[in-house]
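The file entry_25.cif comes next; it holds mmCIF, N, CA and C atoms.
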data_structure
#
loop_
_atom_site.group_PDB
_atom_site.id
_atom_site.type_symbol
_atom_site.label_atom_id
_atom_site.label_comp_id
_atom_site.auth_asym_id
_atom_site.auth_seq_id
_atom_site.Cartn_x
_atom_site.Cartn_y
_atom_site.Cartn_z
ATOM 1 N N MET A 27 99.727 109.690 105.560
ATOM 2 C CA MET A 27 100.948 110.404 105.864
ATOM 3 C C MET A 27 102.114 109.529 105.415
ATOM 4 N N PHE A 28 103.222 110.179 105.089
ATOM 5 C CA PHE A 28 104.391 109.404 104.681
ATOM 6 C C PHE A 28 105.682 110.177 104.950
ATOM 7 N N LEU A 29 106.747 109.419 105.070
ATOM 8 C CA LEU A 29 108.100 109.967 105.129
ATOM 9 C C LEU A 29 108.958 109.177 104.159
ATOM 10 N N THR A 30 109.641 109.894 103.283
ATOM 11 C CA THR A 30 110.540 109.232 102.343
ATOM 12 C C THR A 30 111.863 108.920 103.037
ATOM 13 N N LYS A 31 112.646 108.106 102.384
ATOM 14 C CA LYS A 31 113.979 107.792 102.891
ATOM 15 C C LYS A 31 114.795 109.073 103.049
ATOM 16 N N GLN A 32 114.652 109.991 102.098
ATOM 17 C CA GLN A 32 115.386 111.257 102.170
ATOM 18 C C GLN A 32 114.920 112.102 103.353
ATOM 19 N N ASP A 33 113.608 112.113 103.622
ATOM 20 C CA ASP A 33 113.095 112.824 104.801
ATOM 21 C C ASP A 33 113.765 112.294 106.078
ATOM 22 N N LEU A 34 113.869 110.985 106.161
ATOM 23 C CA LEU A 34 114.479 110.372 107.342
ATOM 24 C C LEU A 34 115.950 110.759 107.464
ATOM 25 N N LEU A 35 116.667 110.700 106.344
ATOM 26 C CA LEU A 35 118.088 111.072 106.361
ATOM 27 C C LEU A 35 118.284 112.540 106.716
ATOM 28 N N ASP A 36 117.469 113.403 106.135
ATOM 29 C CA ASP A 36 117.584 114.843 106.383
ATOM 30 C C ASP A 36 117.346 115.202 107.849
ATOM 31 N N ASN A 37 116.592 114.364 108.543
ATOM 32 C CA ASN A 37 116.234 114.652 109.933
ATOM 33 C C ASN A 37 116.917 113.726 110.928
ATOM 34 N N HIS A 38 117.998 113.069 110.478
ATOM 35 C CA HIS A 38 118.831 112.225 111.347
ATOM 36 C C HIS A 38 118.000 111.176 112.077
ATOM 37 N N TYR A 39 117.144 110.509 111.336
ATOM 38 C CA TYR A 39 116.238 109.494 111.858
ATOM 39 C C TYR A 39 116.988 108.395 112.605
ATOM 40 N N GLN A 40 116.388 107.979 113.708
ATOM 41 C CA GLN A 40 116.845 106.808 114.451
ATOM 42 C C GLN A 40 115.636 105.905 114.665
ATOM 43 N N ILE A 41 115.894 104.606 114.737
ATOM 44 C CA ILE A 41 114.816 103.644 114.961
ATOM 45 C C ILE A 41 113.976 104.090 116.155
ATOM 46 N N GLY A 42 112.671 104.106 115.963
ATOM 47 C CA GLY A 42 111.744 104.480 117.021
ATOM 48 C C GLY A 42 111.245 105.911 116.941
ATOM 49 N N ASP A 43 111.922 106.762 116.174
ATOM 50 C CA ASP A 43 111.523 108.175 116.086
ATOM 51 C C ASP A 43 110.102 108.374 115.560
ATOM 52 N N THR A 44 109.646 107.483 114.714
ATOM 53 C CA THR A 44 108.330 107.671 114.099
ATOM 54 C C THR A 44 107.225 106.855 114.781
ATOM 55 N N GLU A 45 107.543 106.155 115.843
ATOM 56 C CA GLU A 45 106.531 105.369 116.554
ATOM 57 C C GLU A 45 105.403 106.282 117.014
ATOM 58 N N GLY A 46 104.217 105.903 116.726
ATOM 59 C CA GLY A 46 103.053 106.687 117.129
ATOM 60 C C GLY A 46 102.573 107.685 116.089
ATOM 61 N N PHE A 47 103.360 107.979 115.058
ATOM 62 C CA PHE A 47 102.927 108.942 114.042
ATOM 63 C C PHE A 47 101.585 108.540 113.427
ATOM 64 N N VAL A 48 101.396 107.259 113.193
ATOM 65 C CA VAL A 48 100.173 106.784 112.550
ATOM 66 C C VAL A 48 98.940 107.166 113.347
ATOM 67 N N ASN A 49 99.080 107.366 114.643
ATOM 68 C CA ASN A 49 97.928 107.690 115.499
ATOM 69 C C ASN A 49 97.507 109.154 115.427
ATOM 70 N N TYR A 50 98.360 110.035 114.947
ATOM 71 C CA TYR A 50 98.034 111.466 114.938
ATOM 72 C C TYR A 50 96.742 111.783 114.192
ATOM 73 N N GLY A 51 96.547 111.151 113.066
ATOM 74 C CA GLY A 51 95.341 111.425 112.282
ATOM 75 C C GLY A 51 94.061 111.097 113.026
ATOM 76 N N LEU A 52 94.111 110.112 113.900
ATOM 77 C CA LEU A 52 92.914 109.695 114.629
ATOM 78 C C LEU A 52 92.481 110.710 115.674
ATOM 79 N N SER A 53 93.324 111.697 115.946
ATOM 80 C CA SER A 53 92.940 112.712 116.919
ATOM 81 C C SER A 53 91.895 113.677 116.357
ATOM 82 N N MET A 54 91.698 113.657 115.050
ATOM 83 C CA MET A 54 90.666 114.495 114.430
ATOM 84 C C MET A 54 89.338 113.742 114.456
ATOM 85 N N GLN A 55 88.302 114.414 114.859
ATOM 86 C CA GLN A 55 87.008 113.787 115.071
ATOM 87 C C GLN A 55 86.468 113.094 113.818
ATOM 88 N N CYS A 56 86.662 113.691 112.651
ATOM 89 C CA CYS A 56 86.079 113.151 111.424
ATOM 90 C C CYS A 56 86.911 112.035 110.785
ATOM 91 N N VAL A 57 88.085 111.748 111.327
ATOM 92 C CA VAL A 57 88.955 110.714 110.761
ATOM 93 C C VAL A 57 88.666 109.380 111.449
ATOM 94 N N HIS A 58 88.437 108.351 110.621
ATOM 95 C CA HIS A 58 88.116 107.026 111.159
ATOM 96 C C HIS A 58 89.251 106.020 110.976
ATOM 97 N N TYR A 59 90.174 106.312 110.062
ATOM 98 C CA TYR A 59 91.346 105.452 109.902
ATOM 99 C C TYR A 59 92.493 106.253 109.302
ATOM 100 N N THR A 60 93.702 105.782 109.578
ATOM 101 C CA THR A 60 94.895 106.444 109.055
ATOM 102 C C THR A 60 95.874 105.398 108.546
ATOM 103 N N ALA A 61 96.769 105.857 107.698
ATOM 104 C CA ALA A 61 97.868 105.020 107.221
ATOM 105 C C ALA A 61 99.133 105.870 107.252
ATOM 106 N N PHE A 62 100.219 105.230 107.619
ATOM 107 C CA PHE A 62 101.508 105.923 107.673
ATOM 108 C C PHE A 62 102.530 105.077 106.940
ATOM 109 N N PHE A 63 103.186 105.679 105.950
ATOM 110 C CA PHE A 63 104.159 104.997 105.097
ATOM 111 C C PHE A 63 105.552 105.523 105.420
ATOM 112 N N THR A 64 106.479 104.620 105.689
ATOM 113 C CA THR A 64 107.860 104.996 105.965
ATOM 114 C C THR A 64 108.761 104.253 104.986
ATOM 115 N N GLU A 65 109.465 105.002 104.161
ATOM 116 C CA GLU A 65 110.340 104.405 103.155
ATOM 117 C C GLU A 65 111.661 104.004 103.797
ATOM 118 N N ARG A 66 112.015 102.735 103.633
ATOM 119 C CA ARG A 66 113.279 102.217 104.153
ATOM 120 C C ARG A 66 114.197 101.914 102.969
ATOM 121 N N ASP A 67 115.334 101.314 103.241
ATOM 122 C CA ASP A 67 116.296 101.031 102.174
ATOM 123 C C ASP A 67 115.707 100.189 101.047
ATOM 124 N N ASP A 68 115.044 99.088 101.404
ATOM 125 C CA ASP A 68 114.615 98.157 100.376
ATOM 126 C C ASP A 68 113.106 97.924 100.346
ATOM 127 N N ARG A 69 112.365 98.627 101.208
ATOM 128 C CA ARG A 69 110.921 98.441 101.238
ATOM 129 C C ARG A 69 110.259 99.588 102.000
ATOM 130 N N VAL A 70 108.929 99.570 102.002
ATOM 131 C CA VAL A 70 108.151 100.608 102.674
ATOM 132 C C VAL A 70 107.382 99.956 103.823
ATOM 133 N N ARG A 71 107.517 100.519 104.999
ATOM 134 C CA ARG A 71 106.743 100.043 106.144
ATOM 135 C C ARG A 71 105.415 100.785 106.133
ATOM 136 N N VAL A 72 104.322 100.027 106.275
ATOM 137 C CA VAL A 72 102.989 100.618 106.268
ATOM 138 C C VAL A 72 102.305 100.280 107.587
ATOM 139 N N SER A 73 101.826 101.309 108.271
ATOM 140 C CA SER A 73 101.091 101.124 109.519
ATOM 141 C C SER A 73 99.675 101.658 109.338
ATOM 142 N N PHE A 74 98.705 100.898 109.806
ATOM 143 C CA PHE A 74 97.299 101.290 109.724
ATOM 144 C C PHE A 74 96.721 101.356 111.136
ATOM 145 N N ARG A 75 95.875 102.349 111.377
ATOM 146 C CA ARG A 75 95.139 102.449 112.632
ATOM 147 C C ARG A 75 93.731 102.923 112.320
ATOM 148 N N SER A 76 92.792 102.516 113.158
ATOM 149 C CA SER A 76 91.413 102.954 112.972
ATOM 150 C C SER A 76 90.721 103.049 114.315
ATOM 151 N N LYS A 77 89.547 103.648 114.277
ATOM 152 C CA LYS A 77 88.695 103.669 115.451
ATOM 153 C C LYS A 77 87.307 103.257 115.011
ATOM 154 N N GLY A 78 86.564 102.684 115.925
ATOM 155 C CA GLY A 78 85.220 102.252 115.586
ATOM 156 C C GLY A 78 85.194 100.997 114.747
ATOM 157 N N GLN A 79 84.301 100.986 113.782
ATOM 158 C CA GLN A 79 84.027 99.782 112.999
ATOM 159 C C GLN A 79 84.930 99.572 111.780
ATOM 160 N N VAL A 80 85.826 100.487 111.498
ATOM 161 C CA VAL A 80 86.702 100.353 110.327
ATOM 162 C C VAL A 80 87.764 99.298 110.607
ATOM 163 N N ASP A 81 87.779 98.244 109.780
ATOM 164 C CA ASP A 81 88.701 97.122 109.960
ATOM 165 C C ASP A 81 89.930 97.298 109.056
ATOM 166 N N VAL A 82 91.000 97.851 109.627
ATOM 167 C CA VAL A 82 92.217 98.075 108.838
ATOM 168 C C VAL A 82 92.993 96.781 108.600
ATOM 169 N N ASN A 83 92.670 95.738 109.341
ATOM 170 C CA ASN A 83 93.306 94.451 109.097
ATOM 171 C C ASN A 83 93.003 93.958 107.685
ATOM 172 N N ILE A 84 91.809 94.279 107.188
ATOM 173 C CA ILE A 84 91.454 93.907 105.813
ATOM 174 C C ILE A 84 92.393 94.591 104.820
ATOM 175 N N LEU A 85 92.641 95.881 105.022
ATOM 176 C CA LEU A 85 93.581 96.601 104.140
ATOM 177 C C LEU A 85 94.958 95.944 104.159
ATOM 178 N N ALA A 86 95.453 95.679 105.339
ATOM 179 C CA ALA A 86 96.797 95.113 105.471
ATOM 180 C C ALA A 86 96.894 93.731 104.824
ATOM 181 N N ARG A 87 95.908 92.889 105.068
ATOM 182 C CA ARG A 87 95.946 91.512 104.550
ATOM 183 C C ARG A 87 95.709 91.453 103.047
ATOM 184 N N LYS A 88 94.612 92.055 102.619
ATOM 185 C CA LYS A 88 94.176 91.908 101.226
ATOM 186 C C LYS A 88 95.083 92.622 100.229
ATOM 187 N N TYR A 89 95.586 93.782 100.599
ATOM 188 C CA TYR A 89 96.315 94.592 99.632
ATOM 189 C C TYR A 89 97.821 94.664 99.864
ATOM 190 N N PHE A 90 98.266 94.401 101.094
ATOM 191 C CA PHE A 90 99.677 94.578 101.408
ATOM 192 C C PHE A 90 100.340 93.327 101.982
ATOM 193 N N ASN A 91 99.621 92.201 101.971
ATOM 194 C CA ASN A 91 100.176 90.943 102.461
ATOM 195 C C ASN A 91 100.674 91.071 103.907
ATOM 196 N N GLY A 92 99.953 91.853 104.691
ATOM 197 C CA GLY A 92 100.306 92.062 106.091
ATOM 198 C C GLY A 92 99.212 91.544 106.989
ATOM 199 N N GLY A 93 99.055 92.165 108.134
ATOM 200 C CA GLY A 93 98.008 91.732 109.042
ATOM 201 C C GLY A 93 98.064 92.468 110.359
ATOM 202 N N GLY A 94 97.225 92.014 111.258
ATOM 203 C CA GLY A 94 97.175 92.631 112.569
ATOM 204 C C GLY A 94 95.834 92.414 113.212
ATOM 205 N N HIS A 95 95.247 93.489 113.677
ATOM 206 C CA HIS A 95 93.977 93.453 114.381
ATOM 207 C C HIS A 95 92.987 94.392 113.701
ATOM 208 N N HIS A 96 91.765 94.370 114.176
ATOM 209 C CA HIS A 96 90.693 95.201 113.621
ATOM 210 C C HIS A 96 91.099 96.684 113.550
ATOM 211 N N ASN A 97 91.661 97.221 114.623
ATOM 212 C CA ASN A 97 91.985 98.646 114.685
ATOM 213 C C ASN A 97 93.474 98.962 114.559
ATOM 214 N N ALA A 98 94.308 97.958 114.371
ATOM 215 C CA ALA A 98 95.751 98.198 114.232
ATOM 216 C C ALA A 98 96.360 97.078 113.394
ATOM 217 N N ALA A 99 96.998 97.458 112.308
ATOM 218 C CA ALA A 99 97.604 96.465 111.422
ATOM 219 C C ALA A 99 98.817 97.076 110.740
ATOM 220 N N GLY A 100 99.616 96.226 110.137
ATOM 221 C CA GLY A 100 100.803 96.707 109.456
ATOM 222 C C GLY A 100 101.233 95.766 108.359
ATOM 223 N N ALA A 101 102.166 96.248 107.554
ATOM 224 C CA ALA A 101 102.667 95.468 106.429
ATOM 225 C C ALA A 101 103.945 96.100 105.909
ATOM 226 N N PHE A 102 104.583 95.390 105.005
ATOM 227 C CA PHE A 102 105.713 95.934 104.261
ATOM 228 C C PHE A 102 105.377 95.846 102.786
ATOM 229 N N PHE A 103 105.778 96.863 102.040
ATOM 230 C CA PHE A 103 105.553 96.923 100.601
ATOM 231 C C PHE A 103 106.907 96.931 99.926
ATOM 232 N N ASN A 104 107.118 96.009 99.002
ATOM 233 C CA ASN A 104 108.369 95.960 98.260
ATOM 234 C C ASN A 104 108.227 96.776 96.984
ATOM 235 N N GLY A 105 108.810 97.953 97.008
ATOM 236 C CA GLY A 105 108.727 98.846 95.867
ATOM 237 C C GLY A 105 108.808 100.279 96.334
ATOM 238 N N PRO A 106 108.712 101.213 95.400
ATOM 239 C CA PRO A 106 108.799 102.635 95.738
ATOM 240 C C PRO A 106 107.605 103.100 96.575
ATOM 241 N N ILE A 107 107.835 104.103 97.387
ATOM 242 C CA ILE A 107 106.779 104.624 98.254
ATOM 243 C C ILE A 107 105.603 105.159 97.454
ATOM 244 N N LYS A 108 105.864 105.745 96.300
ATOM 245 C CA LYS A 108 104.757 106.273 95.485
ATOM 246 C C LYS A 108 103.829 105.149 95.032
ATOM 247 N N ASP A 109 104.379 103.968 94.765
ATOM 248 C CA ASP A 109 103.553 102.831 94.370
ATOM 249 C C ASP A 109 102.753 102.293 95.554
ATOM 250 N N ALA A 110 103.338 102.327 96.747
ATOM 251 C CA ALA A 110 102.619 101.900 97.949
ATOM 252 C C ALA A 110 101.424 102.813 98.201
ATOM 253 N N ILE A 111 101.618 104.096 98.037
ATOM 254 C CA ILE A 111 100.536 105.055 98.257
ATOM 255 C C ILE A 111 99.451 104.894 97.196
ATOM 256 N N LYS A 112 99.842 104.658 95.950
ATOM 257 C CA LYS A 112 98.860 104.424 94.884
ATOM 258 C C LYS A 112 98.019 103.185 95.180
ATOM 259 N N LEU A 113 98.666 102.132 95.666
ATOM 260 C CA LEU A 113 97.946 100.910 96.014
ATOM 261 C C LEU A 113 96.964 101.178 97.150
ATOM 262 N N PHE A 114 97.371 101.962 98.126
ATOM 263 C CA PHE A 114 96.484 102.315 99.231
ATOM 264 C C PHE A 114 95.264 103.076 98.719
ATOM 265 N N GLU A 115 95.487 104.051 97.865
ATOM 266 C CA GLU A 115 94.370 104.823 97.304
ATOM 267 C C GLU A 115 93.410 103.921 96.531
ATOM 268 N N LYS A 116 93.957 102.991 95.760
ATOM 269 C CA LYS A 116 93.138 102.034 95.015
ATOM 270 C C LYS A 116 92.348 101.152 95.985
ATOM 271 N N ALA A 117 92.995 100.689 97.029
ATOM 272 C CA ALA A 117 92.344 99.817 98.009
ATOM 273 C C ALA A 117 91.181 100.517 98.689
ATOM 274 N N VAL A 118 91.386 101.765 99.078
ATOM 275 C CA VAL A 118 90.322 102.524 99.747
ATOM 276 C C VAL A 118 89.120 102.677 98.817
ATOM 277 N N LYS A 119 89.371 102.978 97.558
ATOM 278 C CA LYS A 119 88.272 103.114 96.589
ATOM 279 C C LYS A 119 87.514 101.804 96.423
ATOM 280 N N GLU A 120 88.243 100.705 96.307
ATOM 281 C CA GLU A 120 87.601 99.403 96.131
ATOM 282 C C GLU A 120 86.770 99.024 97.348
ATOM 283 N N ILE A 121 87.296 99.273 98.526
ATOM 284 C CA ILE A 121 86.563 98.941 99.748
ATOM 285 C C ILE A 121 85.303 99.791 99.861
ATOM 286 N N LYS A 122 85.406 101.073 99.529
ATOM 287 C CA LYS A 122 84.223 101.947 99.562
ATOM 288 C C LYS A 122 83.166 101.458 98.575
ATOM 289 N N GLU A 123 83.591 101.042 97.386
ATOM 290 C CA GLU A 123 82.648 100.527 96.393
ATOM 291 C C GLU A 123 81.973 99.255 96.887
ATOM 292 N N GLU A 124 82.736 98.354 97.491
ATOM 293 C CA GLU A 124 82.166 97.115 98.040
ATOM 294 C C GLU A 124 81.155 97.421 99.126
ATOM 295 N N GLN A 125 81.478 98.371 99.993
ATOM 296 C CA GLN A 125 80.579 98.719 101.087
ATOM 297 C C GLN A 125 79.296 99.358 100.568
ATOM 298 N N SER A 126 79.412 100.189 99.539
ATOM 299 C CA SER A 126 78.201 100.835 99.000
ATOM 300 C C SER A 126 77.288 99.810 98.318
ATOM 301 N N LYS A 127 77.838 98.762 97.754
ATOM 302 C CA LYS A 127 77.040 97.715 97.140
ATOM 303 C C LYS A 127 76.290 96.899 98.188
ATOM 304 N N GLN A 128 76.910 96.770 99.369
ATOM 305 C CA GLN A 128 76.295 95.976 100.453
ATOM 306 C C GLN A 128 75.217 96.767 101.182
ATOM 307 N N ALA A 129 75.267 98.086 101.085
ATOM 308 C CA ALA A 129 74.311 98.928 101.832
ATOM 309 C C ALA A 129 72.943 98.967 101.196
#
How does the structure come out when it is put into C-alpha coordinates?
Amino acid sequence: MFLTKQDLLDNHYQIGDTEGFVNYGLSMQCVHYTAFFTERDDRVRVSFRSKGQVDVNILARKYFNGGGHHNAAGAFFNGPIKDAIKLFEKAVKEIKEEQSKQA
(Lines of atoms letter the chains of each structure in order from A and count residues from 1; the text may use other names and numbers.)
(Lines give C-alpha, C1' and ligand atoms only; values in the text may rest on other atoms or scores of the structure.)
Protein backbone atom coordinates (compact mmCIF):
# COMPACT_ATOMS: atom_id res chain seq x y z
CA MET A 1 0.00 0.00 0.00
CA PHE A 2 1.17 3.55 -0.55
CA LEU A 3 0.22 7.19 -0.29
CA THR A 4 1.91 9.81 -2.43
CA LYS A 5 2.75 13.28 -1.22
CA GLN A 6 -0.17 14.55 -3.33
CA ASP A 7 -2.55 12.05 -1.68
CA LEU A 8 -1.52 13.42 1.70
CA LEU A 9 -1.97 17.04 0.61
CA ASP A 10 -5.35 16.34 -1.01
CA ASN A 11 -6.60 14.82 2.24
CA HIS A 12 -5.19 17.46 4.63
CA TYR A 13 -2.77 14.98 6.20
CA GLN A 14 -1.50 15.58 9.71
CA ILE A 15 1.27 13.69 11.47
CA GLY A 16 -0.15 10.48 12.90
CA ASP A 17 -3.07 10.12 10.46
CA THR A 18 -1.55 7.07 8.80
CA GLU A 19 -0.40 5.26 11.96
CA GLY A 20 -1.60 1.69 11.82
CA PHE A 21 -2.31 1.62 8.06
CA VAL A 22 0.46 -0.94 7.57
CA ASN A 23 -1.46 -3.38 9.78
CA TYR A 24 -4.64 -3.43 7.66
CA GLY A 25 -3.28 -5.98 5.21
CA LEU A 26 -2.56 -8.44 8.01
CA SER A 27 -6.26 -8.68 8.78
CA MET A 28 -6.65 -10.91 5.71
CA GLN A 29 -6.04 -14.56 6.50
CA CYS A 30 -3.85 -15.26 3.45
CA VAL A 31 -1.56 -12.23 3.97
CA HIS A 32 1.65 -12.91 5.90
CA TYR A 33 3.39 -9.54 5.52
CA THR A 34 2.62 -6.01 4.42
CA ALA A 35 4.48 -2.87 3.46
CA PHE A 36 3.23 0.69 3.57
CA PHE A 37 4.99 3.51 1.71
CA THR A 38 4.37 7.16 2.59
CA GLU A 39 5.93 9.81 0.37
CA ARG A 40 7.28 12.80 2.29
CA ASP A 41 8.99 15.97 1.09
CA ASP A 42 12.46 14.53 0.66
CA ARG A 43 12.09 10.79 1.22
CA VAL A 44 9.71 7.84 1.51
CA ARG A 45 8.83 6.28 4.85
CA VAL A 46 8.51 2.50 4.62
CA SER A 47 6.80 0.41 7.29
CA PHE A 48 6.82 -3.39 7.30
CA ARG A 49 4.67 -5.75 9.38
CA SER A 50 4.32 -9.51 9.37
CA LYS A 51 2.80 -12.39 11.23
CA GLY A 52 4.26 -15.79 11.87
CA GLN A 53 7.67 -16.72 10.56
CA VAL A 54 8.12 -13.94 7.98
CA ASP A 55 11.05 -11.77 9.08
CA VAL A 56 10.44 -8.25 7.75
CA ASN A 57 13.52 -7.00 9.57
CA ILE A 58 15.54 -8.64 6.79
CA LEU A 59 13.68 -6.57 4.18
CA ALA A 60 14.24 -3.36 6.11
CA ARG A 61 17.93 -3.98 6.80
CA LYS A 62 19.12 -5.59 3.58
CA TYR A 63 17.23 -3.51 1.05
CA PHE A 64 16.26 -0.25 2.74
CA ASN A 65 19.05 0.38 5.27
CA GLY A 66 16.48 0.26 8.07
CA GLY A 67 15.68 -2.17 10.81
CA GLY A 68 13.42 -3.23 13.59
CA HIS A 69 12.12 -6.55 14.79
CA HIS A 70 11.09 -9.88 13.27
CA ASN A 71 7.44 -8.82 12.78
CA ALA A 72 7.78 -5.01 12.66
CA ALA A 73 10.42 -2.93 10.92
CA GLY A 74 10.83 0.35 9.12
CA ALA A 75 13.11 2.43 6.97
CA PHE A 76 13.41 5.56 4.89
CA PHE A 77 14.09 5.54 1.16
CA ASN A 78 15.77 8.52 -0.47
CA GLY A 79 14.17 8.86 -3.86
CA PRO A 80 10.80 8.75 -5.60
CA ILE A 81 8.07 6.50 -4.24
CA LYS A 82 7.90 4.55 -7.50
CA ASP A 83 11.56 3.58 -7.05
CA ALA A 84 10.94 2.51 -3.45
CA ILE A 85 8.10 0.25 -4.58
CA LYS A 86 10.22 -1.21 -7.40
CA LEU A 87 12.97 -2.00 -4.89
CA PHE A 88 10.43 -3.70 -2.63
CA GLU A 89 9.13 -5.83 -5.50
CA LYS A 90 12.71 -6.80 -6.40
CA ALA A 91 13.48 -7.64 -2.77
CA VAL A 92 10.44 -9.88 -2.41
CA LYS A 93 11.39 -11.79 -5.57
CA GLU A 94 14.98 -12.25 -4.41
CA ILE A 95 13.92 -13.46 -0.97
CA LYS A 96 11.45 -15.93 -2.49
CA GLU A 97 14.19 -17.26 -4.78
CA GLU A 98 16.59 -17.66 -1.84
CA GLN A 99 13.95 -19.48 0.18
CA SER A 100 13.10 -21.85 -2.68
CA LYS A 101 16.78 -22.76 -3.04
CA GLN A 102 16.99 -23.59 0.67
CA ALA A 103 13.87 -25.78 0.60
key: Hits of the PyMOL selection byres (((chain A and resi 62-69 and name CA) around 7) and name CA) in this structure, as a VMD selection string   = chain A and resid 27 to 31 48 60 to 61 70 to 74 102 to 105 107
Those in chain A with helix (DSSP H, G or I) from DSSP, as a VMD selection string = chain A and resid 31 to 36 47 to 53 82 to 90 107 to 128
task = Run the PyMOL selection byres ((chain A and resi 76) around 8) on the file and write out the hits as a count of residues only.
result = 22
ask   = Looking at A:Lys127, A:Leu34, A:Lys108, A:Ala101, which one is nearest to Arg87 in chain A, with distances taken over only C-alpha atoms?
value =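 Comparing A:Lys127, A:Leu34, A:Lys108, A:Ala101 against Arg87 in chain A, the winner is A:Ala101.
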request  = Tell me, in Å to one decimal, how far atom C of Gln128 in chain A is from CA of Ser53 in chain A.
outcome  = 28.6 Å
request  = Counting only N, CA and C atoms, figure out which residue out of A:Phe90, A:Thr44, A:Gly100, A:Cys56 gets nearest to Leu113 in chain A.
outcome  =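 Between A:Phe90, A:Thr44, A:Gly100, A:Cys56, the residue approaching Leu113 in chain A most closely is A:Phe90.
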key: Interatomic distance (Å, one decimal) between CA of Ile84 in chain A and atom C of Gly51 in chain A   = 18.8 Å
ask   = In Å to one decimal, how far is atom C of Tyr89 in chain A from CA of Gln125 in chain A?
value =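 Computing the Euclidean distance for CA of Gln125 in chain A and atom C of Tyr89 in chain A yields 17.8 Å.
For range 31-129 of chain A, the set of residues given strand (DSSP E) by DSSP on the backbone reads Tyr59, Thr60, Ala61, Phe62, Phe63, Thr64, Glu65, Val70, Arg71, Val72, Ser73, Phe74, Arg75, Ser76, Gly93, Gly94, Ala98, Ala99, Gly100, Ala101, Phe102 and Phe103 of chain A.
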note = Of A:Asp36, A:Ala86, A:Gly42, A:Gln55, the one sitting nearest Ala110 in chain A when using only C-alpha atoms is A:Ala86
Any chance you could work out the axis-aligned box around range 32-50 of chain A, listed atoms only, 6 Å on each side, giving centre and edge lengths in Å to one decimal, as lines of an AutoDock Vina configuration file?
center_x = 107.8
center_y = 109.4
center_z = 109.6
size_x = 34.1
size_y = 23.6
size_z = 27.0
